[in-house]
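Let me begin by presenting the structure, written as structure tokens, before commenting on it.
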Amino acid sequence: MSETTEIDVEGIEQLPLSVFTEKAYLDYSMYVILDRALPHVGDGLKPVQRRIVYAMSELGLSAKAKYKKSARTVGDVLGKFHPHGDSAAYEAMVLMAQNFSYRYPLIDGQGNWGSPDDPKSFAAMRYTESRLTRYSEVLLNELGMGTVEWQPNFDGTLQEPVLLPARLPNILLNGGSGIAVGMATDIPPHNLREVAAAAIRLLESRKSTTEELLEHIQGPDYPTDAEIITPQEEIREIYSSGHGSIRMRALWEKEGGDVVVTALPHQVSGNKILEQVATQMRAKKLPMVDDLRDESDHENPTRLVIVPRSNRVDLEQLMSHLFATTDLERTYRVNMNMIGIDGRPGVKGIHQLLSEWLTYREDTVRRRLQHRLEKVLQRLHILDGLLVAFLNIDEVIAIIREEDKPKPVLMARFNLSDIQAEAVLDLKLRHLAKLEEMKIRGEQEELEAERQKLEQLLGSTRRLHTLIRKEIIADAEKYGDDRRSPIVSRIAAQAIDPASLVPSEPVTVVLSAKGWVRAAKGHDVDPEGLNYKSGDSYLASAPGRSNQPIYFLDSTGRSYTVQTSTLPSARGQGEPLTGRLSPPAGARFVDVVGGDTKQKVLIASDAGYGFIATIGDLASNKKAGKAFLRLSAGAVSISPLPIAEGEGQWVAAASNEGRLLLFPLADLAELTKGKGNKMVSIPSKRVEAREEFMAGLTVLQAEQGVTVVSGKRVLKIKPADLVNYQGERGRRGQKLPRGFQRVDALIAGIS
């Protein structure tokens with residue numbers, strides 16, 4: 001028998017699973033948000049970036065140092081500060097070294113660090129070498145001056161800075177992107193000189209508005225020469241709200257009749273552009289382009305050549321099409337989400353962002369000055385003790401020689417502090433020279449002047465702001481450069497209508513009884529004489545043009561649209577329409593219509609209802625089509641009849657039982673869809689049973705006769721005799737002569 005063991009749960013915390021999972025997920029979420037994905041407004045860095053830069057500074061990899069293997073840096077970062085994957089750390093390091101990814105790179109790389117065509121094509125970290133750039137001094141120069149808080153590393157054996165003491169708002173200069181739990185960030189890069197000018201404006205007047213700050217910041221400044229074409233109103237809205245989108249467009253120029261693209265939008269690959277254009281060329285969507293070349297080299301990093309088919313090609317229209325259909329024009333999301341100085345994530349407008357950074361900078365400078373003041377006061381204190389010792393040098397030497405413990409004796413005799421006494425005892429013999437007293441007094445005077453200056457700075461906010469202003473100006477002059485991404489006003493790009501790219505040729509679209517379709521060149525085609533699949537036969541055909549759409553009707557009254565240029569050739573047996581369209585279950589295609597979209601047609605069902613529409617009303621952009629003609633139970637649609645221009649036209653309608661009715665065409669309503677007006681009175685039950693229905697329908701011009709077909713018999717009714725059949729719309733009509741009790745068709749005119 002098995003024995004049950006009781007578990008002692010005393011001292012073990014017990015929680016419901018729902019409470020535990022919620023707390024665990026929230027903890028994880030906050031970790032991802034605060035310690036991984038979002039940059040801090042203070043130094044503009046994520047933790048992994050901050051640790052990489054700090055580790056490199058600890059390795060002595062300044063801009064003046066020799067390069068060291070990147071694997072050395074990554075090893076230090078992982079082993080000391082960031083216990084995560086080496087590939088993730090190295091990728092973060094690579095990103096900070098790519099001058100096409102970062103506006104102001106923090107790392108100076110040697111070796112293969114990727115290319116704009118393939119940013120992830122960088123060599124392994126064992127092959128590349130790196131050091132910090134001059135710009136990284138903005139983040140590191142004040143690190144050892146008591147400016148920031150320090151925290152234990154992951155195992156508690158080392159200290160690392162919580163933030164870096166950024167002398168400029170790096171959060172705006174290099175931007176950043178990241179995805180956290182439930183939030184993301186996309187901060188575009190900016191020009192250093194513009195941001196510095198805006199920061200100074202806000203420093204001088206905290207009441208400056210966003211509009212006033214934007215007098216200095218024109219907009220984002222990406223590490224590419226491509227144009228920013230976002231309207232100024234939208235840019236202002238982005239900086240007010242902290243989110244929106246920026247649109248960039250490639251630069252191009254005309255060179256000997258060819259188009260040469262010289263700059264691409266940020267992070268757009270030239271190879272991808274070539275692939276996108278080539279795809280359109282293969283699909284015959286760019287017949288005006290003859291060739292495509294990539295002539296990029298070391299001197300011309302971006303040089304894509306597009307060769308038009310002839311000098312008659314409108315290059316502006318061509319490029320507008322390419323801007324609309326390829327990555328030559330690209331939109332970038334802006335979401336200025338970051339961790340604020342209060343430690344909380346949030347989306348910030350430009351005013352709030354710079355205000356928080358200036359608060360951080362002011363606190364950093366104040367801490368730096370306070371730290372230096374403490375050092376000065378400490379040194380002055382020591383110098384006071386040394387001066388006392390020099391003035392009484394013989395007595396000091398005697399005490400040191402005679403006393404076993406000279407320190408407390410010195411402290412008591414000359415009223416020295418512990419630190420001062422220790423400094424006196426640490427004096428070397430060579431410092432006992434007579435000139436040393438003069439040096440001490442000189443150093444005292446210098447330090448006293450510095451102390452007064454530091455106390456004045458710390459005691460006056462105005463003086464402190466003046467110092468910060470001077471430092472920002474100095475850094476802007478040292479590290480700043482001209483704007484790279486010009487902001488220009490451009491008209492919106494527009495893709496060329498595919499129909500305009502297709503040559504306008506006469507075609508005849510043929511529909512078979514089983515719903516197979518094909519297009520034959522020309523209008524003089526015998527559709528019934530074409531070859532059909534076994535068990536299939538001709539159903540309908542319609543003339544059209546290759547650059548026009550073609551329309552189909554099914555047995556339920558739905559209409560569908562297909563581009564004629566995409567239909568298979570009539571040399572084969574075509575393809576089933578069900579492969580392109582999705583008619584309702586049980587429906588079959590019954591007719592095909594082509595022609596000018598403005599052409600008026602008479603739409604009717606054999607239940608005796610109809611209306612006037614245009615061919616364009618048949619259009620549908622869905623595979624399932626649209627409900628166009630509402631059919632009564634048992635009714636079948638009749639092929640649309642074209643209506644010529646002019647007045648005084650008549651509608652001639654005949655039932656299969658030999659009744660003919662003429663009424664004015666103007667009596668019918670013009671609709672875009674529906675059932676229509678009653679043209680001929682036929683009982684619905686007889687239509688549903690297919691006992692009686694409208695068998696013939698045509699439109700007559702004024703003073704035009706009609707031909708009635710009944711089997712092999714033909715009745716030609718002259719215009720004068722048609723008066724006997726005229727009546728109001730919706731009547732039964734008059735009986736035709738004997739022998740025409742079964743009407744098969746009506747034909748306008750008498751031949």
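Letters A, B, ... mark the chains of the structure tokens in the order given; residue numbers begin at 1 per chain; ligand numbers begin at 1, in order shown.
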Task: Within 12 Å of range 168-170 of chain A using only C-alpha atoms, minus same-chain residues under 6 positions, as a PyMOL selection string - done: chain A and resi 39-46+50+102-106+135-141+176+187-200+350+353-362+364+468-469+471-476+478-480
- [ ] Would you list, as a list in words, the residues of range 495-558 of chain A that end up in strand (DSSP E or B) under DSSP run on this structure's backbone?
- [x] Pro506, Val507, Thr508, Val509, Val510, Leu511, Ser512, Trp516, Val517, Arg518, Ala519, Ala520, Lys521, Tyr538, Leu539, Ala540, Ser541, Ala542, Pro543, Gly544, Arg545, Pro549, Ile550, Tyr551, Phe552, Leu553, Asp554 and Arg558 of chain A
Task: Residues near range 591-596 of chain A, cut-off 7 Å, only C-alpha atoms, skip fewer than 3 positions along chain, as a ChimeraX atom specification - done: /A:511,540-544,550-554,599,615,639
Using C-alpha atoms, can you write the selected residues to a file as a CSV table (one decimal), in the first residue's frame?
```csv
chain,number,residue,atom,x,y,z
A,511,LEU,CA,-18.9,33.4,-73.0
A,540,ALA,CA,-23.0,35.0,-75.6
A,541,SER,CA,-20.4,37.5,-76.8
A,542,ALA,CA,-19.8,41.2,-76.6
A,543,PRO,CA,-17.5,43.6,-78.5
A,544,GLY,CA,-15.2,45.8,-76.5
A,550,ILE,CA,-16.1,43.7,-69.5
A,551,TYR,CA,-19.3,42.9,-67.5
A,552,PHE,CA,-21.0,39.6,-66.8
A,553,LEU,CA,-24.6,38.8,-65.6
A,554,ASP,CA,-25.6,35.7,-63.8
A,599,GLN,CA,-23.8,54.0,-72.9
A,615,ILE,CA,-23.2,50.1,-68.8
A,639,SER,CA,-29.7,40.7,-72.7
```
TODO: Rank A:Leu286, A:Met438, A:Ile491, A:Val709 by their smallest atom-to-atom distance to Ala695 in chain A, using only C-alpha atoms, and report the top residue only.
DONE: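 Between A:Leu286, A:Met438, A:Ile491, A:Val709, the residue approaching Ala695 in chain A most closely is A:Val709.
Distances to Leu641 in chain A were evaluated for A:His321, A:Lys600, A:Arg249, A:His298 using only C-alpha atoms, and the minimum falls at A:Lys600.
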